[in-house]
>>> print(open('entry08.pdb').read())   # PDB, C-alpha atoms and all ligand atoms
ATOM      1  CA  MET A  11      -3.259  -9.795 -30.469
ATOM      2  CA  PHE A  12      -5.966 -11.423 -32.549
ATOM      3  CA  ASP A  13      -3.939 -14.491 -33.536
ATOM      4  CA  GLY A  14      -5.459 -17.911 -32.966
ATOM      5  CA  LEU A  15      -8.914 -16.568 -32.115
ATOM      6  CA  SER A  16     -12.079 -17.942 -33.640
ATOM      7  CA  GLN A  17     -14.441 -15.557 -35.432
ATOM      8  CA  THR A  18     -16.661 -15.348 -32.320
ATOM      9  CA  GLN A  19     -13.692 -14.673 -30.012
ATOM     10  CA  ARG A  20     -12.410 -12.040 -32.463
ATOM     11  CA  LEU A  21     -15.722 -10.234 -32.394
ATOM     12  CA  ALA A  22     -15.861 -10.489 -28.602
ATOM     13  CA  ARG A  23     -12.368  -8.960 -28.336
ATOM     14  CA  LEU A  24     -13.263  -6.165 -30.754
ATOM     15  CA  GLY A  25     -16.316  -5.540 -28.595
ATOM     16  CA  GLU A  26     -14.119  -5.271 -25.511
ATOM     17  CA  VAL A  27     -11.812  -2.810 -27.307
ATOM     18  CA  ALA A  28     -14.822  -0.723 -28.319
ATOM     19  CA  GLY A  29     -16.009  -0.821 -24.701
ATOM     20  CA  ALA A  30     -12.588   0.386 -23.561
ATOM     21  CA  LEU A  31     -12.633   3.292 -26.020
ATOM     22  CA  THR A  32     -16.003   4.520 -24.805
ATOM     23  CA  HIS A  33     -15.471   3.975 -21.063
ATOM     24  CA  TRP A  34     -16.670   6.897 -18.916
ATOM     25  CA  ALA A  35     -13.485   7.025 -16.809
ATOM     26  CA  LEU A  36     -11.285   8.132 -19.736
ATOM     27  CA  PRO A  37     -10.413  11.822 -20.052
ATOM     28  CA  GLU A  38     -10.994  13.106 -23.616
ATOM     29  CA  GLN A  39      -7.290  13.583 -24.405
ATOM     30  CA  GLU A  40      -6.468  10.002 -23.416
ATOM     31  CA  ARG A  41      -9.540   8.692 -25.226
ATOM     32  CA  HIS A  42      -8.473  10.396 -28.456
ATOM     33  CA  HIS A  43      -4.951   9.001 -28.147
ATOM     34  CA  LEU A  44      -6.294   5.505 -27.440
ATOM     35  CA  CYS A  45      -8.474   5.716 -30.587
ATOM     36  CA  VAL A  46      -5.492   6.698 -32.739
ATOM     37  CA  THR A  47      -3.388   3.913 -31.201
ATOM     38  CA  MET A  48      -6.091   1.275 -31.774
ATOM     39  CA  HIS A  49      -6.366   2.314 -35.425
ATOM     40  CA  HIS A  50      -2.581   2.447 -35.964
ATOM     41  CA  GLY A  51      -2.885   6.088 -36.861
ATOM     42  CA  HIS A  52       0.415   7.374 -35.450
ATOM     43  CA  PHE A  53       2.891   8.899 -37.898
ATOM     44  CA  GLN A  54       5.524   6.260 -37.247
ATOM     45  CA  GLY A  55       6.734   2.902 -38.591
ATOM     46  CA  ALA A  56       7.886   1.724 -42.019
ATOM     47  CA  VAL A  57       4.534   2.224 -43.771
ATOM     48  CA  LYS A  58       4.581   5.995 -43.171
ATOM     49  CA  ARG A  59       8.238   6.901 -42.567
ATOM     50  CA  LYS A  60      11.464   6.227 -44.459
ATOM     51  CA  GLY A  61      14.986   5.269 -43.352
ATOM     52  CA  ASP A  62      16.004   5.975 -39.735
ATOM     53  CA  GLN A  63      12.741   7.859 -39.172
ATOM     54  CA  ALA A  64      10.878   4.524 -39.379
ATOM     55  CA  LEU A  65      12.973   3.043 -36.577
ATOM     56  CA  CYS A  66      12.631   3.360 -32.805
ATOM     57  CA  ALA A  67      14.880   6.293 -31.826
ATOM     58  CA  ARG A  68      15.342   4.999 -28.285
ATOM     59  CA  CYS A  69      16.776   1.699 -29.559
ATOM     60  CA  LEU A  70      18.684   3.465 -32.360
ATOM     61  CA  ALA A  71      20.534   5.593 -29.799
ATOM     62  CA  LYS A  72      21.721   2.338 -28.205
ATOM     63  CA  GLY A  73      22.793   0.909 -31.561
ATOM     64  CA  ALA A  74      19.866  -1.467 -32.093
ATOM     65  CA  SER A  75      17.493  -1.128 -35.012
ATOM     66  CA  HIS A  76      13.817  -1.951 -34.556
ATOM     67  CA  GLU A  77      10.944  -0.834 -36.721
ATOM     68  CA  GLU A  78       8.760   1.484 -34.672
ATOM     69  CA  THR A  79       5.435  -0.306 -34.725
ATOM     70  CA  VAL A  80       2.886   0.534 -32.033
ATOM     71  CA  VAL A  81       3.596  -2.809 -30.356
ATOM     72  CA  HIS A  82       7.337  -2.059 -30.296
ATOM     73  CA  ALA A  83       6.941   1.516 -29.049
ATOM     74  CA  VAL A  84       4.556   0.851 -26.170
ATOM     75  CA  HIS A  85       5.195  -2.815 -25.379
ATOM     76  CA  GLU A  86       8.550  -4.267 -26.497
ATOM     77  CA  CYS A  87      10.917  -1.304 -26.186
ATOM     78  CA  PRO A  88      12.922  -1.864 -22.944
ATOM     79  CA  GLU A  89      11.858   1.463 -21.375
ATOM     80  CA  SER A  90       8.184   0.726 -22.044
ATOM     81  CA  THR A  91       8.571  -2.762 -20.550
ATOM     82  CA  GLU A  92      10.055  -1.155 -17.446
ATOM     83  CA  VAL A  93       7.154   1.291 -17.140
ATOM     84  CA  TRP A  94       4.592  -1.548 -17.456
ATOM     85  CA  ALA A  95       6.492  -3.557 -14.836
ATOM     86  CA  GLY A  96       6.179  -0.560 -12.486
ATOM     87  CA  ILE A  97       2.453  -0.332 -13.262
ATOM     88  CA  ALA A  98       1.974  -4.072 -12.571
ATOM     89  CA  ARG A  99       3.860  -3.750  -9.254
ATOM     90  CA  THR A 100       1.816  -0.826  -7.996
ATOM     91  CA  TRP A 101      -1.462  -2.368  -9.229
ATOM     92  CA  GLU A 102      -0.789  -5.626  -7.397
ATOM     93  CA  ALA A 103       0.387  -3.833  -4.238
ATOM     94  CA  THR A 104      -2.773  -1.708  -4.218
ATOM     95  CA  THR A 105      -5.462  -4.157  -5.349
ATOM     96  CA  SER A 106      -3.707  -7.555  -4.826
ATOM     97  CA  GLU A 107      -4.576  -8.414  -8.434
ATOM     98  CA  PRO A 108      -1.514  -9.722 -10.333
ATOM     99  CA  LEU A 109      -1.127  -8.596 -13.959
ATOM    100  CA  ASP A 110       0.915 -10.419 -16.591
ATOM    101  CA  MET A 111       2.482  -7.603 -18.600
ATOM    102  CA  SER A 112       4.143  -9.941 -21.121
ATOM    103  CA  SER A 113       1.025  -9.867 -23.291
ATOM    104  CA  PRO A 114       0.271  -6.908 -25.603
ATOM    105  CA  VAL A 115      -3.422  -7.710 -25.087
ATOM    106  CA  LEU A 116      -2.963  -6.208 -21.629
ATOM    107  CA  THR A 117      -0.473  -3.416 -22.399
ATOM    108  CA  VAL A 118      -1.604  -2.231 -25.839
ATOM    109  CA  LEU A 119      -5.306  -3.115 -25.771
ATOM    110  CA  GLY A 120      -5.585  -2.789 -21.988
ATOM    111  CA  LEU A 121      -7.782  -5.867 -21.521
ATOM    112  CA  ARG A 122      -7.373  -7.537 -18.127
ATOM    113  CA  PRO A 123      -8.196 -11.259 -18.053
ATOM    114  CA  ARG A 124     -11.844 -11.431 -16.972
ATOM    115  CA  PRO A 125     -12.870 -13.848 -14.167
ATOM    116  CA  SER A 126     -14.682 -16.788 -15.754
ATOM    117  CA  ALA A 127     -18.469 -17.048 -15.569
ATOM    118  CA  ASP A 128     -18.264 -19.697 -12.818
ATOM    119  CA  ALA A 129     -15.942 -17.580 -10.620
ATOM    120  CA  PRO A 130     -17.414 -16.449  -7.259
ATOM    121  CA  THR A 131     -19.731 -13.434  -7.540
ATOM    122  CA  GLN A 132     -17.429 -11.455  -5.243
ATOM    123  CA  ALA A 133     -14.464 -11.919  -7.624
ATOM    124  CA  ARG A 134     -16.541 -10.725 -10.581
ATOM    125  CA  GLU A 135     -17.859  -7.731  -8.634
ATOM    126  CA  ARG A 136     -14.351  -6.747  -7.574
ATOM    127  CA  PHE A 137     -13.156  -6.961 -11.173
ATOM    128  CA  GLU A 138     -15.936  -4.621 -12.280
ATOM    129  CA  ALA A 139     -15.359  -2.224  -9.381
ATOM    130  CA  ARG A 140     -11.692  -1.845 -10.383
ATOM    131  CA  GLU A 141     -12.413  -1.425 -14.085
ATOM    132  CA  PRO A 142     -12.683   2.425 -14.118
ATOM    133  CA  ALA A 143      -9.365   2.762 -12.265
ATOM    134  CA  TRP A 144      -7.695   0.315 -14.633
ATOM    135  CA  ARG A 145      -9.127   2.004 -17.753
ATOM    136  CA  LEU A 146      -7.854   5.371 -16.507
ATOM    137  CA  LEU A 147      -4.410   4.052 -15.528
ATOM    138  CA  HIS A 148      -3.987   2.179 -18.811
ATOM    139  CA  ALA A 149      -5.022   5.066 -21.070
ATOM    140  CA  VAL A 150      -2.864   7.569 -19.166
ATOM    141  CA  THR A 151       0.138   5.204 -19.351
ATOM    142  CA  LEU A 152      -0.240   4.778 -23.128
ATOM    143  CA  LEU A 153      -0.384   8.538 -23.650
ATOM    144  CA  LYS A 154       2.595   9.272 -21.382
ATOM    145  CA  LEU A 155       4.651   6.551 -23.123
ATOM    146  CA  HIS A 156       3.775   8.126 -26.474
ATOM    147  CA  GLN A 157       4.643  11.652 -25.312
ATOM    148  CA  ALA A 158       8.011  10.423 -24.013
ATOM    149  CA  ARG A 159       8.565   8.606 -27.318
ATOM    150  CA  ASN A 160       7.909  11.881 -29.176
ATOM    151  CA  ARG A 161      10.484  13.730 -27.063
ATOM    152  CA  VAL A 162      13.083  10.993 -27.692
ATOM    153  CA  HIS A 163      12.325  10.935 -31.419
ATOM    154  CA  MET A 164      12.589  14.735 -31.776
ATOM    155  CA  ALA A 165      15.802  14.823 -29.745
ATOM    156  CA  TYR A 166      17.440  12.043 -31.772
ATOM    157  CA  HIS A 167      16.489  13.615 -35.099
ATOM    158  CA  ASP A 168      17.270  17.183 -34.011
ATOM    159  CA  PRO A 169      18.648  19.025 -37.094
ATOM    160  CA  LYS A 170      21.351  20.548 -34.854
ATOM    161  CA  GLY A 171      22.538  17.066 -33.879
ATOM    162  CA  ALA A 172      21.247  14.240 -31.700
ATOM    163  CA  ARG A 173      20.838  15.094 -28.005
ATOM    164  CA  ASP A 174      19.372  13.469 -24.899
ATOM    165  CA  ALA A 175      15.620  13.979 -24.433
ATOM    166  CA  ARG A 176      14.338  15.504 -21.199
ATOM    167  CA  LEU A 177      11.949  13.641 -18.884
ATOM    168  CA  SER A 178      11.901  10.440 -20.891
ATOM    169  CA  LYS A 179      13.285   7.919 -18.382
ATOM    170  CA  PRO A 180      10.858   5.310 -16.965
ATOM    171  CA  LYS A 181      10.821   7.099 -13.590
ATOM    172  CA  ASP A 182       9.859  10.400 -15.276
ATOM    173  CA  ILE A 183       7.086   8.641 -17.195
ATOM    174  CA  LEU A 184       5.769   6.932 -14.034
ATOM    175  CA  ARG A 185       5.774  10.270 -12.225
ATOM    176  CA  ALA A 186       3.812  11.909 -15.047
ATOM    177  CA  ILE A 187       1.310   9.014 -14.909
ATOM    178  CA  ARG A 188       0.871   9.425 -11.148
ATOM    179  CA  LEU A 189       0.240  13.176 -11.449
ATOM    180  CA  ARG A 190      -2.311  12.773 -14.243
ATOM    181  CA  VAL A 191      -4.193   9.906 -12.551
ATOM    182  CA  THR A 192      -4.296  11.858  -9.260
ATOM    183  CA  GLN A 193      -5.672  14.871 -11.128
ATOM    184  CA  MET A 194      -8.397  12.775 -12.728
ATOM    185  CA  VAL A 195      -9.462  10.985  -9.518
ATOM    186  CA  GLN A 196      -9.606  14.416  -7.880
ATOM    187  CA  TYR A 197     -11.805  15.547 -10.769
ATOM    188  CA  GLU A 198     -14.110  12.524 -10.225
ATOM    189  CA  ARG A 199     -14.375  13.533  -6.567
ATOM    190  CA  THR A 200     -15.271  17.113  -7.447
ATOM    191  CA  LYS A 201     -17.910  15.865  -9.902
ATOM    192  CA  THR A 202     -19.293  13.595  -7.155
ATOM    193  CA  THR A 203     -19.525  16.444  -4.644
ATOM    194  CA  HIS A 204     -21.386  18.498  -7.212
ATOM    195  CA  ALA A 205     -23.681  15.629  -8.239
ATOM    196  CA  ALA A 206     -24.517  14.819  -4.609
ATOM    197  CA  LYS A 207     -25.574  18.445  -4.054
ATOM    198  CA  CYS A 208     -27.728  18.629  -7.155
ATOM    199  CA  GLU A 209     -29.100  15.127  -7.584
ATOM    200  CA  PRO A 210     -32.785  14.589  -6.944
ATOM    201  CA  LYS A 211     -33.529  11.918  -4.364
ATOM    202  CA  ALA A 212     -31.864   8.926  -6.001
ATOM    203  CA  ALA A 213     -32.178   5.310  -4.982
ATOM    204  CA  PRO A 214     -29.618   4.660  -2.211
ATOM    205  CA  ARG A 215     -27.330   2.410  -4.288
ATOM    206  CA  GLN A 216     -27.261   4.820  -7.228
ATOM    207  CA  LYS A 217     -26.123   7.824  -5.301
ATOM    208  CA  ALA A 218     -23.038   9.644  -6.523
ATOM    209  CA  TRP A 219     -21.028   9.002  -3.361
ATOM    210  CA  HIS A 220     -21.851   5.302  -3.359
ATOM    211  CA  ARG A 221     -20.512   5.127  -6.904
ATOM    212  CA  PHE A 222     -17.366   7.107  -6.092
ATOM    213  CA  ASN A 223     -16.671   4.996  -2.998
ATOM    214  CA  SER A 224     -17.121   1.680  -4.741
ATOM    215  CA  HIS A 225     -14.783   2.530  -7.634
ATOM    216  CA  TRP A 226     -12.058   4.645  -6.076
ATOM    217  CA  LEU A 227     -12.004   4.152  -2.290
ATOM    218  CA  THR A 228     -13.220   0.592  -1.546
ATOM    219  CA  THR A 229     -10.896  -0.712  -4.272
ATOM    220  CA  GLY A 230      -7.929   0.823  -2.428
ATOM    221  CA  ILE A 231      -6.999   3.042  -5.408
ATOM    222  CA  ALA A 232      -7.289   6.234  -3.365
ATOM    223  CA  THR A 233      -7.773   7.262   0.249
ATOM    224  CA  LEU A 234      -9.452  10.329   1.670
ATOM    225  CA  THR A 235      -7.253  11.865   4.323
ATOM    226  CA  LYS A 236      -7.385  15.051   6.344
ATOM    227  CA  GLY A 237      -5.103  16.624   3.746
ATOM    228  CA  GLY A 238      -7.413  15.640   0.862
ATOM    229  CA  LEU A 239      -7.396  12.865  -1.672
ATOM    230  CA  ARG A 240      -4.370  10.582  -1.734
ATOM    231  CA  LEU A 241      -3.664   8.271  -4.680
ATOM    232  CA  ASN A 242      -2.284   4.922  -3.533
ATOM    233  CA  LEU A 243      -0.998   3.950  -6.982
ATOM    234  CA  LEU A 244       2.664   4.712  -7.766
ATOM    235  CA  SER A 245       3.245   6.305  -4.382
ATOM    236  CA  ALA A 246       5.093   5.203  -1.291
ATOM    237  CA  PRO A 247       2.825   3.554   1.316
ATOM    238  CA  PRO A 248       1.897   5.820   4.234
ATOM    239  CA  PRO A 249       4.519   5.639   6.989
ATOM    240  CA  THR A 250       3.792   3.056   9.679
ATOM    241  CA  PRO A 251       5.143   3.989  13.090
ATOM    242  CA  PRO A 252       8.028   1.686  14.134
ATOM    243  CA  VAL A 253       7.282  -0.878  16.824
ATOM    244  CA  PRO A 254       9.403  -0.196  19.904
ATOM    245  CA  PRO A 255      11.324  -3.306  21.088
ATOM    246  CA  GLY A 256      10.394  -4.957  24.371
ATOM    247  CA  THR A 257       6.651  -4.280  24.006
ATOM    248  CA  ILE A 258       3.416  -6.078  23.188
ATOM    249  CA  LEU A 259       1.883  -5.306  19.782
ATOM    250  CA  ILE A 260      -1.876  -5.756  19.281
ATOM    251  CA  ARG A 261      -3.439  -5.690  15.820
ATOM    252  CA  VAL A 262      -7.204  -5.566  15.483
ATOM    253  CA  ALA A 263      -9.279  -5.605  12.308
ATOM    254  CA  ALA A 264     -12.991  -5.726  11.676
ATOM    255  CA  SER A 265     -15.043  -6.244   8.563
ATOM    256  CA  LEU A 266     -18.653  -5.607   7.699
ATOM    257  CA  GLN A 267     -20.826  -7.239   5.069
ATOM    258  CA  PRO A 268     -23.842  -4.999   4.369
ATOM    259  CA  ALA A 269     -27.352  -6.438   4.309
ATOM    260  CA  LYS A 270     -28.479  -7.711   0.919
ATOM    261  CA  GLY A 271     -32.023  -8.816   0.119
ATOM    262  CA  GLN A 272     -33.243 -11.033   2.943
ATOM    263  CA  ARG A 273     -29.735 -11.560   4.323
ATOM    264  CA  PRO A 274     -29.075  -9.500   7.461
ATOM    265  CA  PRO A 275     -25.814  -7.545   7.865
ATOM    266  CA  ALA A 276     -22.898  -9.504   9.284
ATOM    267  CA  SER A 277     -19.621  -8.440  10.786
ATOM    268  CA  ALA A 278     -16.606 -10.022  12.376
ATOM    269  CA  TRP A 279     -13.400  -9.110  14.101
ATOM    270  CA  ALA A 280      -9.919 -10.634  14.188
ATOM    271  CA  MET A 281      -6.942  -9.829  16.337
ATOM    272  CA  GLU A 282      -3.396 -10.933  17.009
ATOM    273  CA  VAL A 283      -1.081 -10.181  19.863
ATOM    274  CA  LEU A 284       2.641 -10.170  19.159
ATOM    275  CA  LYS A 285       5.489  -9.963  21.595
ATOM    276  CA  VAL A 286       8.296  -7.754  20.353
ATOM    277  CA  ALA A 287      11.638  -8.869  21.783
ATOM    278  CA  ARG A 288      14.525  -6.500  22.597
ATOM    279  CA  ASP A 289      16.162  -7.352  19.242
ATOM    280  CA  GLY A 290      12.948  -6.520  17.367
ATOM    281  CA  THR A 291      11.891 -10.110  16.537
ATOM    282  CA  GLN A 292       8.139 -10.673  16.826
ATOM    283  CA  THR A 293       6.529 -13.823  18.192
ATOM    284  CA  THR A 294       2.792 -14.515  18.064
ATOM    285  CA  ARG A 295       1.238 -14.853  21.518
ATOM    286  CA  LEU A 296      -2.425 -14.957  20.643
ATOM    287  CA  THR A 297      -4.739 -14.911  17.651
ATOM    288  CA  ALA A 298      -8.481 -14.700  17.958
ATOM    289  CA  ARG A 299     -11.479 -14.038  15.778
ATOM    290  CA  GLY A 300     -15.217 -13.980  16.138
ATOM    291  CA  ALA A 301     -18.498 -12.546  15.023
ATOM    292  CA  ILE A 302     -19.613  -9.126  16.225
ATOM    293  CA  ALA A 303     -23.182  -8.905  17.398
ATOM    294  CA  ALA A 304     -24.728  -6.290  15.136
ATOM    295  CA  THR A 305     -28.224  -4.913  15.148
ATOM    296  CA  ALA A 306     -29.816  -2.875  12.400
ATOM    297  CA  THR A 307     -31.545  -0.065  14.268
ATOM    298  CA  HIS A 308     -33.775   0.746  11.293
ATOM    299  CA  ALA A 309     -35.863  -1.938   9.656
ATOM    300  CA  ASN A 310     -35.046  -0.771   6.123
ATOM    301  CA  ALA A 311     -31.553   0.482   6.869
ATOM    302  CA  THR A 312     -29.622   0.582   3.625
ATOM    303  CA  ASN A 313     -26.613   2.513   4.829
ATOM    304  CA  THR A 314     -25.613  -0.139   7.355
ATOM    305  CA  ARG A 315     -22.388   1.682   8.189
ATOM    306  CA  THR A 316     -24.359   4.464   9.821
ATOM    307  CA  TRP A 317     -27.200   2.507  11.330
ATOM    308  CA  LEU A 318     -25.373  -0.478  12.774
ATOM    309  CA  LYS A 319     -24.629  -0.528  16.422
ATOM    310  CA  PHE A 320     -21.410  -2.365  17.142
ATOM    311  CA  ILE A 321     -20.905  -4.149  20.364
ATOM    312  CA  LEU A 322     -17.227  -4.485  21.104
ATOM    313  CA  PRO A 323     -16.451  -7.880  22.660
ATOM    314  CA  ASP A 324     -15.262  -7.399  26.215
ATOM    315  CA  ASP A 325     -11.954  -9.233  25.776
ATOM    316  CA  ILE A 326     -10.937  -6.996  22.864
ATOM    317  CA  ALA A 327     -12.051  -3.923  24.747
ATOM    318  CA  LEU A 328      -9.873  -5.035  27.631
ATOM    319  CA  ALA A 329      -6.911  -5.833  25.387
ATOM    320  CA  ILE A 330      -6.961  -2.467  23.605
ATOM    321  CA  GLY A 331      -7.692  -0.555  26.763
ATOM    322  CA  TYR A 332     -11.092   0.762  25.624
ATOM    323  CA  THR A 333     -13.541   1.837  28.283
ATOM    324  CA  PRO A 334     -17.061   2.618  27.089
ATOM    325  CA  ALA A 335     -18.197   6.107  27.992
TER     326      ALA A 335
HETATM  327 ZN    ZN B   1      12.763   0.661 -29.052
END
>>> encode(input="entry08.pdb", output="structure tokens", more="lines below")
Ligand SMILES: [Zn+2]
Amino acid sequence: MFDGLSQTQRLARLGEVAGALTHWALPEQERHHLCVTMHHGHFQGAVKRKGDQALCARCLAKGASHEETVVHAVHECPESTEVWAGIARTWEATTSEPLDMSSPVLTVLGLRPRPSADAPTQARERFEAREPAWRLLHAVTLLKLHQARNRVHMAYHDPKGARDARLSKPKDILRAIRLRVTQMVQYERTKTTHAAKCEPKAAPRQKAWHRFNSHWLTTGIATLTKGGLRLNLLSAPPPTPPVPPGTILIRVAASLQPAKGQRPPASAWAMEVLKVARDGTQTTRLTARGAIAATATHANATNTRTWLKFILPDDIALAIGYTPA
């Protein structure tokens, strides 16, 4: 993980690891486990154990013998690889950021490749906005992999004879990760509610809710629904109602870019009209897009979402059957 790096790059990577260990989004239990993992402090592997005890019990049960180093246990072992593949899938589906899980720099150290300094500002901001969610997901995954490893190890070396460990399949581990991450995002939300009640008048962009939104909701990691907080990682997407055949389907989307400095707020809409044939095939009939006239009703409006007045273009209003009150 440090091979082929110059002294400067080595120091930079160590700095990133230190940053990961002290990140605010980590729960204390996961932080402690991450520290032990980074310092190779687990009671496993050939330096600390002898004979079969030094080998990976999961692989041993399948007749293969691998020394149980940290990299083997949480990166190379087939079950761990499968868990990371599941994490990469859900991360990409939720944030559209692909992750290459073949590198232990990502799985063991948890360092996502950073956008380069000349990347667009938006890409760098998005990377930073997702960092707390990634830190949390990574640290929880490492701990759950380790806990499953402990169950497998104990079961294999059971004095009464080797047996199968409970809840140690990749799907059990992924489920445990989902529950823990949900619990922690819920905790962040509770903290935010409390902070918003108690905080003195903070600058608009430093407010607790702004922070919560930008890290957990705008990134797509979680959604607030009527039923409460819903984690979008490792869960099935919300059901989309089926499109009845022989109808016209209209999709409309709008986006808003808040005002920044001298730049006024800007917003735009896009729509497509699809014809759904009797056999369910969809053909595009119309696509359209345009700017939405937006006016800031307060000169110093910072919360543009509240203070913007949208004017729905007439053709869209007609198409979606909206009649202004
Ligand atoms: Zn193994």
>>> closest_atom_pairs(input="entry08.pdb", of="chain A", to="ligand ZN 1 (chain B)", cutoff="7 Å", atoms="all atoms listed in the file", output="CSV")
residue,atom,partner,partner_atom,distance
A:Cys66,CA,B:ZN1,ZN,4.6
A:Ala67,CA,B:ZN1,ZN,6.6
A:Arg68,CA,B:ZN1,ZN,5.1
A:Cys69,CA,B:ZN1,ZN,4.2
A:His76,CA,B:ZN1,ZN,6.2
A:Glu78,CA,B:ZN1,ZN,6.9
A:His82,CA,B:ZN1,ZN,6.2
A:Ala83,CA,B:ZN1,ZN,5.9
A:Glu86,CA,B:ZN1,ZN,7.0
A:Cys87,CA,B:ZN1,ZN,3.9
A:Pro88,CA,B:ZN1,ZN,6.6
>>> residues_around(input="entry08.pdb", residues="segment 185-188 of chain A", least_positions_apart="5", cutoff="12 Å", atoms="all atoms listed in the file", output="count of residues only")
35
>>> resolve_selection(input="entry08.pdb", expression="the PyMOL selection byres (((chain A and resi 222-224) around 10) and not hetatm)", output="MDAnalysis selection string")
chainID A and resid 136 138:140 195 198:199 201:203 217:221 225:230 232:233
>>> closest_residue(input="entry08.pdb", among="A:Ala133, A:Leu266, A:Met111, A:Val286", to="Ser90 of chain A", atoms="all atoms listed in the file")
A:Met111
>>> atom_distance(input="entry08.pdb", atom1="atom CA of Leu119 of chain A", atom2="atom CA of Gly25 of chain A")
11.6 Å
>>> closest_residue(input="entry08.pdb", among="A:Ser106, A:Gln54, A:Gln272, A:Thr297", to="Leu284 of chain A", atoms="all atoms listed in the file")
A:Thr297
>>> resolve_selection(input="entry08.pdb", expression="the PyMOL selection byres (((chain A and resi 173) around 12) and not hetatm)", output="ChimeraX atom specification")
/A:67-68,71,161-172,174-176
>>> atom_distance(input="entry08.pdb", atom1="atom CA of Glu141 of chain A", atom2="atom CA of Ala276 of chain A")
26.9 Å
